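As stored in coords35.txt (compact mmCIF, C-alpha atoms):
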```txt
# COMPACT_ATOMS: atom_id res chain seq x y z
CA MET A 1 83.10 115.91 124.38
CA ARG A 2 80.08 113.63 124.30
CA ILE A 3 80.30 110.31 122.56
CA LYS A 4 77.08 108.87 121.24
CA LYS A 5 76.86 105.11 121.31
CA CYS A 6 74.49 104.83 118.39
CA GLY A 7 74.95 105.79 114.79
CA THR A 8 73.28 108.02 112.28
CA GLN A 9 69.78 107.83 113.71
CA ALA A 10 70.91 109.45 116.91
CA LEU A 11 72.14 112.43 114.97
CA GLY A 12 68.86 113.31 113.36
CA GLU A 13 67.86 113.22 109.74
CA THR A 14 70.75 115.12 108.20
CA HIS A 15 73.63 112.70 108.84
CA VAL A 16 75.83 115.75 109.44
CA ARG A 17 77.51 115.61 112.83
CA THR A 18 76.30 117.92 115.51
CA ALA A 19 79.08 120.08 116.91
CA ASN A 20 81.09 118.36 119.63
CA VAL A 21 79.23 115.08 119.26
CA MET A 22 81.11 112.01 118.11
CA THR A 23 79.64 108.63 117.39
CA THR A 24 81.45 105.51 118.55
CA PRO A 25 82.89 104.70 115.09
CA ASN A 26 83.98 108.30 114.68
CA ALA A 27 85.78 108.35 118.01
CA SER A 28 87.36 104.94 117.36
CA VAL A 29 88.72 105.90 113.96
CA ARG A 30 90.06 109.21 115.22
CA PHE A 31 91.87 107.47 118.07
CA TRP A 32 93.34 105.02 115.54
CA ILE A 33 94.56 107.95 113.46
CA ILE A 34 96.20 109.53 116.51
CA THR A 35 97.88 106.19 117.29
CA MET A 36 99.17 105.93 113.72
CA LEU A 37 100.67 109.40 114.06
CA LEU A 38 102.34 108.49 117.31
CA VAL A 39 103.73 105.32 115.71
CA LEU A 40 105.05 107.43 112.83
CA LEU A 41 106.65 109.77 115.34
CA GLY A 42 108.17 106.79 117.12
CA LEU A 43 109.59 105.47 113.86
CA ALA A 44 111.02 108.91 113.08
CA THR A 45 113.21 108.58 116.18
CA LEU A 46 115.11 105.87 114.29
CA LYS A 47 116.52 108.56 112.03
CA LEU A 48 116.35 111.66 114.20
CA ARG A 49 118.99 111.10 116.83
CA MET B 1 111.51 124.06 97.75
CA LEU B 2 112.42 123.37 101.36
CA LEU B 3 114.88 120.73 100.16
CA ALA B 4 116.67 123.27 97.95
CA PHE B 5 116.67 125.74 100.86
CA ALA B 6 118.04 123.11 103.25
CA GLN B 7 120.74 122.15 100.75
CA TRP B 8 121.74 125.78 100.43
CA LEU B 9 121.87 126.15 104.22
CA SER B 10 123.80 122.91 104.61
CA GLU B 11 126.78 124.52 102.86
CA ASP B 12 127.28 126.51 106.06
CA VAL B 13 125.43 124.50 108.69
CA ARG B 14 125.99 120.77 108.41
CA PHE B 15 122.84 119.88 110.34
CA PHE B 16 120.65 120.78 107.35
CA SER B 17 122.15 117.88 105.35
CA VAL B 18 119.71 115.69 107.26
CA PHE B 19 116.97 116.87 104.88
CA ASN B 20 118.72 115.09 102.02
CA TYR B 21 117.50 111.82 103.48
CA ILE B 22 114.43 110.56 101.66
CA THR B 23 113.21 108.67 104.71
CA LEU B 24 113.11 111.79 106.84
CA ARG B 25 111.41 113.83 104.12
CA THR B 26 108.82 111.06 103.69
CA VAL B 27 107.86 111.26 107.35
CA LEU B 28 107.89 115.06 107.24
CA ALA B 29 105.78 115.02 104.07
CA ALA B 30 103.21 112.76 105.73
CA MET B 31 103.02 115.05 108.74
CA THR B 32 102.91 118.24 106.66
CA ALA B 33 100.10 116.92 104.45
CA LEU B 34 98.24 115.82 107.53
CA PHE B 35 98.46 119.19 109.25
CA ILE B 36 97.55 121.11 106.08
CA SER B 37 94.42 118.95 105.77
CA PHE B 38 93.60 119.41 109.44
CA LEU B 39 93.99 123.16 109.10
CA VAL B 40 92.09 123.58 105.83
CA GLY B 41 89.57 120.75 106.33
CA PRO B 42 87.01 122.31 108.69
CA THR B 43 86.89 125.56 106.68
CA MET B 44 86.54 123.69 103.41
CA ILE B 45 83.74 121.49 104.76
CA ARG B 46 81.90 124.59 106.01
CA LYS B 47 82.30 126.24 102.59
CA LEU B 48 81.13 123.13 100.73
CA ALA B 49 78.10 122.95 103.01
CA ALA B 50 77.43 126.68 102.61
CA TYR B 51 77.53 126.40 98.82
CA LYS B 52 75.27 123.35 99.09
CA ILE B 53 77.78 121.12 97.35
CA GLY B 54 76.09 118.02 98.69
CA GLN B 55 76.17 114.43 97.56
CA SER B 56 73.15 113.03 95.75
CA VAL B 57 72.42 109.41 96.68
CA ARG B 58 71.39 106.80 94.11
CA ASN B 59 67.76 105.85 94.53
CA ASP B 60 68.40 102.18 93.76
CA GLY B 61 71.11 101.92 96.44
CA PRO B 62 70.63 100.61 99.98
CA GLN B 63 67.83 102.49 101.76
CA THR B 64 70.13 103.17 104.71
CA HIS B 65 72.15 105.48 102.46
CA LEU B 66 69.30 107.89 101.72
CA VAL B 67 70.07 109.72 104.95
CA LYS B 68 73.49 110.64 103.50
CA ALA B 69 71.97 112.86 100.84
CA GLY B 70 73.26 116.39 101.17
CA THR B 71 76.54 115.52 102.90
CA PRO B 72 79.21 117.83 101.42
CA THR B 73 81.20 116.20 98.64
CA MET B 74 84.25 117.08 96.51
CA GLY B 75 86.37 116.86 99.67
CA GLY B 76 88.99 115.16 97.52
CA ALA B 77 90.09 118.66 96.58
CA LEU B 78 91.36 118.96 100.16
CA ILE B 79 93.52 115.87 99.68
CA LEU B 80 94.88 117.15 96.36
CA ILE B 81 95.71 120.59 97.76
CA SER B 82 97.57 119.00 100.68
CA ILE B 83 99.48 116.61 98.44
CA ALA B 84 100.44 119.31 95.96
CA ILE B 85 101.65 121.79 98.58
CA THR B 86 103.52 119.12 100.50
CA THR B 87 105.21 117.77 97.38
CA LEU B 88 106.28 121.25 96.35
CA LEU B 89 107.69 121.78 99.85
CA TRP B 90 109.49 118.48 100.51
CA GLY B 91 109.96 116.86 97.10
CA ASP B 92 113.05 117.15 94.94
CA LEU B 93 111.58 119.26 92.14
CA ARG B 94 114.47 118.37 89.80
CA ASN B 95 113.17 114.80 89.73
CA HIS B 96 110.97 114.20 86.68
CA TYR B 97 109.11 111.28 88.30
CA VAL B 98 107.75 113.64 90.95
CA TRP B 99 106.30 115.89 88.24
CA VAL B 100 104.87 112.97 86.27
CA VAL B 101 102.98 111.63 89.29
CA LEU B 102 101.91 115.06 90.54
CA LEU B 103 100.61 116.17 87.14
CA THR B 104 98.86 112.85 86.53
CA THR B 105 97.17 113.07 89.93
CA LEU B 106 96.03 116.63 89.36
CA SER B 107 94.87 115.89 85.80
CA PHE B 108 92.67 113.04 86.98
CA GLY B 109 91.53 115.32 89.77
CA VAL B 110 90.38 117.86 87.20
CA ILE B 111 88.36 115.17 85.37
CA GLY B 112 86.74 114.17 88.65
CA TRP B 113 86.17 117.79 89.59
CA VAL B 114 84.33 118.52 86.33
CA ASP B 115 82.22 115.39 86.83
CA ASP B 116 81.37 116.29 90.44
CA TYR B 117 80.73 119.93 89.59
CA ARG B 118 78.23 119.05 86.89
CA LYS B 119 76.49 116.54 89.12
CA VAL B 120 76.34 118.67 92.22
CA VAL B 121 76.26 122.29 91.10
CA HIS B 122 74.54 121.94 87.71
CA ARG B 123 72.26 119.21 89.12
CA ASN B 124 73.05 117.10 86.09
CA PRO B 125 72.80 113.51 87.42
CA LYS B 126 74.96 112.13 84.61
CA GLY B 127 77.83 114.54 85.24
CA LEU B 128 80.56 114.15 82.68
CA SER B 129 79.49 111.53 80.14
CA ALA B 130 81.11 108.11 80.53
CA ARG B 131 82.65 108.45 77.08
CA ALA B 132 84.17 111.86 77.83
CA LYS B 133 85.44 110.70 81.20
CA MET B 134 87.05 107.58 79.76
CA GLY B 135 88.40 109.55 76.80
CA TRP B 136 90.21 112.10 78.98
CA GLN B 137 91.49 109.41 81.34
CA SER B 138 92.80 107.42 78.38
CA LEU B 139 94.47 110.44 76.86
CA ILE B 140 96.34 111.26 80.07
CA ALA B 141 97.28 107.65 80.81
CA LEU B 142 98.58 107.09 77.26
CA ALA B 143 100.58 110.32 77.46
CA VAL B 144 102.13 109.15 80.75
CA GLY B 145 102.95 105.77 79.21
CA MET B 146 104.60 107.34 76.18
CA TYR B 147 106.55 109.80 78.30
CA LEU B 148 107.83 107.07 80.63
CA TRP B 149 108.82 104.92 77.65
CA ASN B 150 110.75 107.78 76.07
CA ALA B 151 112.34 108.80 79.36
CA ALA B 152 113.48 105.23 80.14
CA ASN B 153 117.24 104.95 80.01
CA LEU B 154 117.68 101.53 81.61
CA PRO B 155 116.12 98.18 80.65
CA ALA B 156 114.81 97.95 84.24
CA ASN B 157 112.58 100.98 83.61
CA THR B 158 110.41 99.07 81.15
CA GLU B 159 110.60 95.46 82.32
CA LEU B 160 107.64 93.62 83.75
CA ILE B 161 108.59 91.83 86.94
CA VAL B 162 106.57 89.08 88.57
CA PRO B 163 106.26 88.90 92.36
CA PHE B 164 107.73 85.87 94.13
CA LEU B 165 109.53 84.81 90.91
CA LYS B 166 112.96 86.39 90.75
CA PHE B 167 113.87 85.17 87.27
CA PHE B 168 110.56 85.96 85.56
CA VAL B 169 111.41 89.33 84.06
CA PHE B 170 109.79 90.26 80.76
CA PRO B 171 111.18 93.09 78.65
CA LEU B 172 108.23 94.99 77.20
CA THR B 173 107.91 96.52 73.75
CA ALA B 174 106.84 100.15 73.48
CA PHE B 175 103.28 99.13 72.64
CA LEU B 176 102.98 96.66 75.52
CA PHE B 177 104.55 99.10 77.98
CA VAL B 178 102.19 101.92 77.03
CA MET B 179 99.16 99.61 77.11
CA LEU B 180 100.15 98.21 80.51
CA THR B 181 100.65 101.72 81.86
CA TYR B 182 97.26 102.71 80.47
CA LEU B 183 95.50 99.71 82.02
CA VAL B 184 97.13 100.16 85.41
CA ILE B 185 96.48 103.90 85.70
CA VAL B 186 92.93 103.97 84.31
CA GLY B 187 92.03 100.68 85.99
CA THR B 188 93.24 101.75 89.44
CA SER B 189 91.63 105.16 89.10
CA ASN B 190 88.21 103.72 88.32
CA ALA B 191 88.54 100.89 90.81
CA VAL B 192 89.20 103.36 93.65
CA ASN B 193 86.24 105.39 92.44
CA LEU B 194 83.95 102.34 92.57
CA THR B 195 85.21 101.48 96.05
CA ASP B 196 84.35 104.96 97.31
CA GLY B 197 80.79 104.06 98.30
CA LEU B 198 80.93 103.83 102.10
CA ASP B 199 82.34 106.18 104.72
CA GLY B 200 86.12 105.67 104.87
CA LEU B 201 86.09 102.61 102.62
CA ALA B 202 88.28 103.99 99.83
CA ILE B 203 90.60 106.30 101.72
CA MET B 204 92.07 103.89 104.28
CA PRO B 205 93.12 101.26 101.72
CA THR B 206 94.57 104.12 99.66
CA VAL B 207 96.60 105.24 102.68
CA MET B 208 97.84 101.71 103.33
CA VAL B 209 98.72 100.96 99.72
CA SER B 210 100.49 104.28 99.28
CA ALA B 211 102.48 103.72 102.48
CA ALA B 212 103.57 100.33 101.14
CA LEU B 213 104.37 101.81 97.73
CA SER B 214 106.58 104.38 99.45
CA ILE B 215 108.68 101.47 100.74
CA PHE B 216 108.85 99.98 97.26
CA ALA B 217 109.81 103.37 95.80
CA TYR B 218 112.52 103.87 98.41
CA VAL B 219 113.99 100.43 97.81
CA ALA B 220 113.76 100.73 94.00
CA GLY B 221 115.58 104.05 94.14
CA ASN B 222 118.39 102.73 96.33
CA ALA B 223 121.14 100.86 94.48
CA VAL B 224 122.23 98.83 97.52
CA PHE B 225 118.79 97.79 98.79
CA SER B 226 117.40 97.04 95.33
CA LYS B 227 120.37 94.81 94.55
CA TYR B 228 120.10 93.06 97.92
CA LEU B 229 116.36 92.43 97.50
CA GLY B 230 116.62 91.58 93.81
CA ILE B 231 114.23 94.21 92.50
CA PRO B 232 114.92 96.57 89.58
CA TYR B 233 117.01 99.62 90.41
CA ILE B 234 115.19 102.71 89.16
CA PRO B 235 117.38 105.78 89.73
CA GLY B 236 115.26 108.67 91.00
CA ALA B 237 112.29 106.51 92.01
CA GLY B 238 113.16 106.92 95.68
CA GLU B 239 111.80 110.44 95.57
CA LEU B 240 108.33 108.98 95.05
CA ALA B 241 108.48 107.77 98.64
CA VAL B 242 108.06 111.42 99.64
CA TYR B 243 105.05 111.72 97.34
CA CYS B 244 103.50 108.54 98.75
CA GLY B 245 104.13 109.88 102.25
CA ALA B 246 102.16 112.98 101.31
CA ILE B 247 99.28 110.82 100.03
CA SER B 248 99.25 108.83 103.26
CA GLY B 249 99.29 111.94 105.45
CA ALA B 250 96.61 113.76 103.49
CA GLY B 251 94.54 110.57 103.34
CA LEU B 252 94.71 109.99 107.09
CA ALA B 253 93.63 113.55 107.77
CA PHE B 254 90.78 113.18 105.31
CA LEU B 255 89.72 109.99 107.09
CA TRP B 256 89.34 112.10 110.24
CA PHE B 257 86.45 113.88 108.54
CA ASN B 258 85.31 110.95 106.39
CA ALA B 259 84.95 108.38 109.20
CA TYR B 260 81.38 107.17 109.79
CA PRO B 261 79.20 109.20 109.86
CA ALA B 262 81.12 111.19 107.25
CA GLU B 263 81.20 114.97 107.41
CA VAL B 264 82.46 115.07 103.84
CA PHE B 265 82.87 112.72 100.87
CA MET B 266 85.89 112.80 98.58
CA GLY B 267 83.88 112.61 95.37
CA ASP B 268 85.33 111.73 91.98
CA VAL B 269 87.84 114.55 92.32
CA GLY B 270 89.56 112.60 95.07
CA ALA B 271 88.88 109.00 94.07
CA LEU B 272 89.96 109.26 90.44
CA ALA B 273 93.06 111.26 91.33
CA LEU B 274 94.22 109.00 94.16
CA GLY B 275 93.71 105.88 92.06
CA ALA B 276 95.70 107.41 89.22
CA ALA B 277 98.46 108.39 91.66
CA LEU B 278 98.78 104.83 92.99
CA GLY B 279 98.76 103.41 89.46
CA THR B 280 101.42 105.81 88.22
CA VAL B 281 103.74 105.17 91.17
CA ALA B 282 103.33 101.41 90.69
CA VAL B 283 104.22 101.72 87.00
CA ILE B 284 107.32 103.80 87.70
CA VAL B 285 108.64 101.47 90.41
CA ARG B 286 107.71 98.45 88.23
CA GLN B 287 105.37 96.92 90.79
CA GLU B 288 102.15 96.61 88.81
CA PHE B 289 101.47 93.05 90.00
CA VAL B 290 102.18 94.01 93.59
CA LEU B 291 99.70 96.88 93.29
CA PHE B 292 97.20 94.32 92.02
CA ILE B 293 97.77 92.27 95.17
CA MET B 294 97.83 95.13 97.68
CA GLY B 295 94.87 96.89 96.07
CA GLY B 296 92.92 93.63 96.05
CA VAL B 297 89.89 95.33 97.60
CA PHE B 298 89.81 97.83 94.73
CA VAL B 299 90.21 94.99 92.22
CA VAL B 300 87.43 92.90 93.73
CA GLU B 301 85.07 95.90 93.88
CA ALA B 302 85.68 96.66 90.20
CA VAL B 303 85.40 93.01 89.17
CA SER B 304 82.12 92.66 91.09
CA VAL B 305 80.63 95.43 88.97
CA MET B 306 81.87 93.80 85.75
CA ILE B 307 80.48 90.40 86.77
CA GLN B 308 77.14 91.91 87.78
CA VAL B 309 76.74 93.82 84.52
CA ALA B 310 77.91 90.90 82.36
CA SER B 311 75.71 88.41 84.18
CA PHE B 312 72.63 90.64 83.99
CA LYS B 313 73.13 91.30 80.28
CA LEU B 314 73.85 87.68 79.38
CA THR B 315 71.49 85.77 81.65
CA GLY B 316 69.17 88.41 83.12
CA LYS B 317 70.24 87.29 86.61
CA ARG B 318 72.30 89.10 89.21
CA VAL B 319 75.26 87.39 90.87
CA PHE B 320 75.39 89.84 93.79
CA ARG B 321 72.48 91.38 95.66
CA MET B 322 73.93 94.71 94.59
CA ALA B 323 77.21 95.91 93.06
CA PRO B 324 79.82 97.15 93.94
CA LEU B 325 80.57 94.39 96.42
CA HIS B 326 80.28 96.52 99.58
CA HIS B 327 76.55 96.99 98.91
CA HIS B 328 76.15 93.22 98.58
CA TYR B 329 77.42 92.75 102.13
CA GLU B 330 75.29 95.61 103.42
CA LEU B 331 72.20 93.95 101.97
CA LYS B 332 73.30 90.69 103.58
CA GLY B 333 72.94 92.42 106.94
CA TRP B 334 76.43 93.70 107.73
CA LYS B 335 76.50 97.19 109.20
CA GLU B 336 78.25 99.85 107.14
CA THR B 337 81.05 100.16 109.70
CA GLN B 338 81.51 96.38 109.73
CA VAL B 339 81.92 96.26 105.96
CA VAL B 340 84.38 99.15 106.05
CA VAL B 341 86.59 97.85 108.87
CA ARG B 342 86.57 94.29 107.48
CA PHE B 343 87.65 95.57 104.07
CA TRP B 344 90.41 97.53 105.82
CA ILE B 345 91.57 94.37 107.60
CA ILE B 346 91.66 92.52 104.28
CA THR B 347 93.69 95.36 102.79
CA MET B 348 96.15 95.20 105.69
CA LEU B 349 96.68 91.51 105.01
CA LEU B 350 97.08 92.11 101.29
CA VAL B 351 99.57 94.92 101.90
CA LEU B 352 101.57 92.58 104.15
CA LEU B 353 101.50 90.00 101.37
CA GLY B 354 102.67 92.66 98.92
CA LEU B 355 105.50 93.68 101.21
CA ALA B 356 106.47 90.03 101.59
CA THR B 357 107.25 89.97 97.87
CA LEU B 358 110.25 92.18 98.66
CA LYS B 359 111.94 89.28 100.41
CA LEU B 360 110.19 86.21 99.07
CA ARG B 361 111.47 85.96 95.55
```

So that I can check it, write out the structure of this file as C-alpha cells.
Amino acid sequence: MRIKKCGTQALGETHVRTANVMTTPNASVRFWIITMLLVLLGLATLKLR
Amino acid sequence: MLLAFAQWLSEDVRFFSVFNYITLRTVLAAMTALFISFLVGPTMIRKLAAYKIGQSVRNDGPQTHLVKAGTPTMGGALILISIAITTLLWGDLRNHYVWVVLLTTLSFGVIGWVDDYRKVVHRNPKGLSARAKMGWQSLIALAVGMYLWNAANLPANTELIVPFLKFFVFPLTAFLFVMLTYLVIVGTSNAVNLTDGLDGLAIMPTVMVSAALSIFAYVAGNAVFSKYLGIPYIPGAGELAVYCGAISGAGLAFLWFNAYPAEVFMGDVGALALGAALGTVAVIVRQEFVLFIMGGVFVVEAVSVMIQVASFKLTGKRVFRMAPLHHHYELKGWKETQVVVRFWIITMLLVLLGLATLKLR
C-alpha cells in the first residue's frame, strides 16, 4: 500500500481517494483506530478470564 | 435478541450467564457495530457515489473546500444502521430507555435524511426548511421529555444535578423537566450538525463523548457504584452503556472512511441523529451539565455561529473570520487536519474533566 505524503492536491481534483492510496492523515487516523480497538480488546480481558 | 438467547441457553449452560454483564455487552456492542460498518461501509460508499449522492459545498466557505464537492454524503445512514442492528442484537429489549434512545436517534435521522435527500437528490439547496426542521425536532424532543416525565418513578429521574457540587440537587417541575430535555436534545443535535464541517471533526468527539456517557450510564444504573460515587441511581440506565458502546463502535468505523481526505460525509442524517442520541442519554442519566462540559467543542461551535449572526445583525461587524469556529481557524492559516486533531485533543481533555466529576463532588 502506498502512502502519499501530501494531501488532497496529490490525489487529483476529485478529492476521492484513489484505490490503495492513503494520505498521511488517513494512514495515521486508521492506525489510531486500530490501536483503540486493541486497547478495547485489552480492557475486555479484565472481564473475560 | 442475543441477550434473550444467551439467557435461555444459560439455563442449561452456565457459561452463557456471562452475557448478562453490561460491561461485556458494551464491548461486544462496540465491536459488532464496528464490524457491521466495516462490512457495509465500502459497498454503501460505492452505491452513494454511483447514485451521485454527493455533497454540495457552500460557495462562501473556505476556497480549500471546493475540491470536496461531489464527495458522497448521507454516510450517517451507515452509522444508524450499525447502531440499530447492534442494539437489537446486544441490548436488553425489555428496557424502555433503550427504545426511547433508539427511536429518538432514528427519528432525528429521518429528519436529517429528508433534508439531505432534498439537497442532494432533488438539488434543492435549502433542503428541508429551517422551520420544518426545527418543528419536527421540537415535536420529537418534547415527546421524549413528556414520556420520560411520565415514566419517572423515582425523584432521581427528574432531578437536576450539578457537577462538582454534591448537595446542589434541584427537583424539576414537569414544565422545567420537559423544557430542559427539549433544549438538551435539540441543542446537542444541532450543535453536532454545525460541528460537522471538516473531515472527522464531528465523529471523533461524538465517539469520545458517547464512550464517557457509557461509563456514566453504567454507574447510574448500578446501585452500589452510584451510591459510592454520590450520583443519582437510575434503575435500567445501565443498559444505555450498551447503546453508547454501539455509537462508539459505529463512529470509529465511520471515522475510518471519514478521515481526511474523506471518502464519505455523514450528512445531516448522521449529525442530527448522533447529537440527539447523546442528548437523550445525558437526560436519562441526569448528566446534562456534564454533557455540556464534555461536548464543549460542540457548544463552542454552536455559540460561535450565534455570536457571529448576532454581531452581524446588531453591529454589521463579524467577530470571527467565518463561522462555525473551525472555519475561523482555517482562515487563520491552520491546516484542516490541524484544526480537526486539535479539536479532538480539546475534547479528550473535556471528557477527562467530565469523568472527573464522578469522583470530584

Got a sec to check which residues sit within 10 Å of (91.4, 111.6, 112.7), counting all atoms listed in the file, and write them as a PyMOL selection string?
-> (chain A and resi 26-37) or (chain B and resi 34+38+251-259)

Close residues, segment 334-341 of chain B itself excluded, 8 Å, all atoms listed in the file, min 4 positions apart in chain, as a list in words = Pro25 of chain A; Leu198, Asp199, Gly200, Leu201, Tyr260, His326, Tyr329, Glu330 and Ile345 of chain B

Export C-alpha atoms of the chosen residues as a PDB file, in the coordinates of the input?
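The resulting out.pdb:
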```
ATOM      1  CA  PRO A  25      82.890 104.700 115.090  1.00  0.00           C
TER       2      PRO A  25
ATOM      3  CA  LEU B 198      80.930 103.830 102.100  1.00  0.00           C
ATOM      4  CA  ASP B 199      82.340 106.180 104.720  1.00  0.00           C
ATOM      5  CA  GLY B 200      86.120 105.670 104.870  1.00  0.00           C
ATOM      6  CA  LEU B 201      86.090 102.610 102.620  1.00  0.00           C
ATOM      7  CA  TYR B 260      81.380 107.170 109.790  1.00  0.00           C
ATOM      8  CA  HIS B 326      80.280  96.520  99.580  1.00  0.00           C
ATOM      9  CA  TYR B 329      77.420  92.750 102.130  1.00  0.00           C
ATOM     10  CA  GLU B 330      75.290  95.610 103.420  1.00  0.00           C
ATOM     11  CA  ILE B 345      91.570  94.370 107.600  1.00  0.00           C
TER      12      ILE B 345
END
```

So what do you get for atom CA of Ile293 of chain B versus atom CA of Ile140 of chain B, distance-wise?
->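 Calculated distance between atom CA of Ile293 of chain B and atom CA of Ile140 of chain B is 24.3 Å.
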
What does the distance from atom CA of Thr26 of chain B to atom CA of Gly245 of chain B come to in Å, to one decimal?
-> 5.0 Å

Using only C-alpha atoms, determine which residues lie at most 12 Å from Trp136 of chain B, disregarding the query and same-chain residues fewer than 3 positions distant; provide the list as a list in words.
-> Thr104, Ser107, Phe108, Gly109, Val110, Ile111, Gly112, Val114, Asp115, Leu128, Ser129, Ala130, Arg131, Ala132, Lys133, Leu139, Ile140, Ala141, Leu142, Ala143, Tyr182, Val186 and Leu272 of chain B

Using C-alpha atoms, can you write the selected residues to a file as a PDB file, in the coordinates of the input?
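Ended up saving to result37.pdb:
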```pdb
ATOM      1  CA  THR B 104      98.860 112.850  86.530  1.00  0.00           C
ATOM      2  CA  SER B 107      94.870 115.890  85.800  1.00  0.00           C
ATOM      3  CA  PHE B 108      92.670 113.040  86.980  1.00  0.00           C
ATOM      4  CA  GLY B 109      91.530 115.320  89.770  1.00  0.00           C
ATOM      5  CA  VAL B 110      90.380 117.860  87.200  1.00  0.00           C
ATOM      6  CA  ILE B 111      88.360 115.170  85.370  1.00  0.00           C
ATOM      7  CA  GLY B 112      86.740 114.170  88.650  1.00  0.00           C
ATOM      8  CA  VAL B 114      84.330 118.520  86.330  1.00  0.00           C
ATOM      9  CA  ASP B 115      82.220 115.390  86.830  1.00  0.00           C
ATOM     10  CA  LEU B 128      80.560 114.150  82.680  1.00  0.00           C
ATOM     11  CA  SER B 129      79.490 111.530  80.140  1.00  0.00           C
ATOM     12  CA  ALA B 130      81.110 108.110  80.530  1.00  0.00           C
ATOM     13  CA  ARG B 131      82.650 108.450  77.080  1.00  0.00           C
ATOM     14  CA  ALA B 132      84.170 111.860  77.830  1.00  0.00           C
ATOM     15  CA  LYS B 133      85.440 110.700  81.200  1.00  0.00           C
ATOM     16  CA  LEU B 139      94.470 110.440  76.860  1.00  0.00           C
ATOM     17  CA  ILE B 140      96.340 111.260  80.070  1.00  0.00           C
ATOM     18  CA  ALA B 141      97.280 107.650  80.810  1.00  0.00           C
ATOM     19  CA  LEU B 142      98.580 107.090  77.260  1.00  0.00           C
ATOM     20  CA  ALA B 143     100.580 110.320  77.460  1.00  0.00           C
ATOM     21  CA  TYR B 182      97.260 102.710  80.470  1.00  0.00           C
ATOM     22  CA  VAL B 186      92.930 103.970  84.310  1.00  0.00           C
ATOM     23  CA  LEU B 272      89.960 109.260  90.440  1.00  0.00           C
TER      24      LEU B 272
END
```

Nearest to Ala302 of chain B by atom-to-atom distance, counting only C-alpha atoms, from B:Ser214, B:Val242, B:Ser189, B:Arg46 =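 Of the candidates, the smallest distance to Ala302 of chain B is held by B:Ser189.
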
Take atom CA of Gly187 of chain B and atom CA of Ala276 of chain B and report the distance between them in Å, one decimal.
->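 One can read the atom CA of Gly187 of chain B to atom CA of Ala276 of chain B distance as 8.3 Å.
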
Between B:Asp12, B:Ile79, B:Ala262, B:Ala241, smallest distance to chain A by only C-alpha atoms belongs to B:Ala262

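Residues within 12 Å of segment 14-17 of chain B, counting all atoms listed in the file and excluding same-chain residues fewer than 4 positions away, are Leu48 and Arg49 of chain A; Leu2, Leu3, Ala4, Phe5, Ala6, Gln7, Trp8, Leu9, Ser10, Tyr21, Ile22, Leu24 and Arg25 of chain B.
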
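Distances here use all atoms listed in the file; by that measure, the residue among B:Ala271, B:Met31, B:Ile203, B:Val13 closest to chain A is B:Met31.
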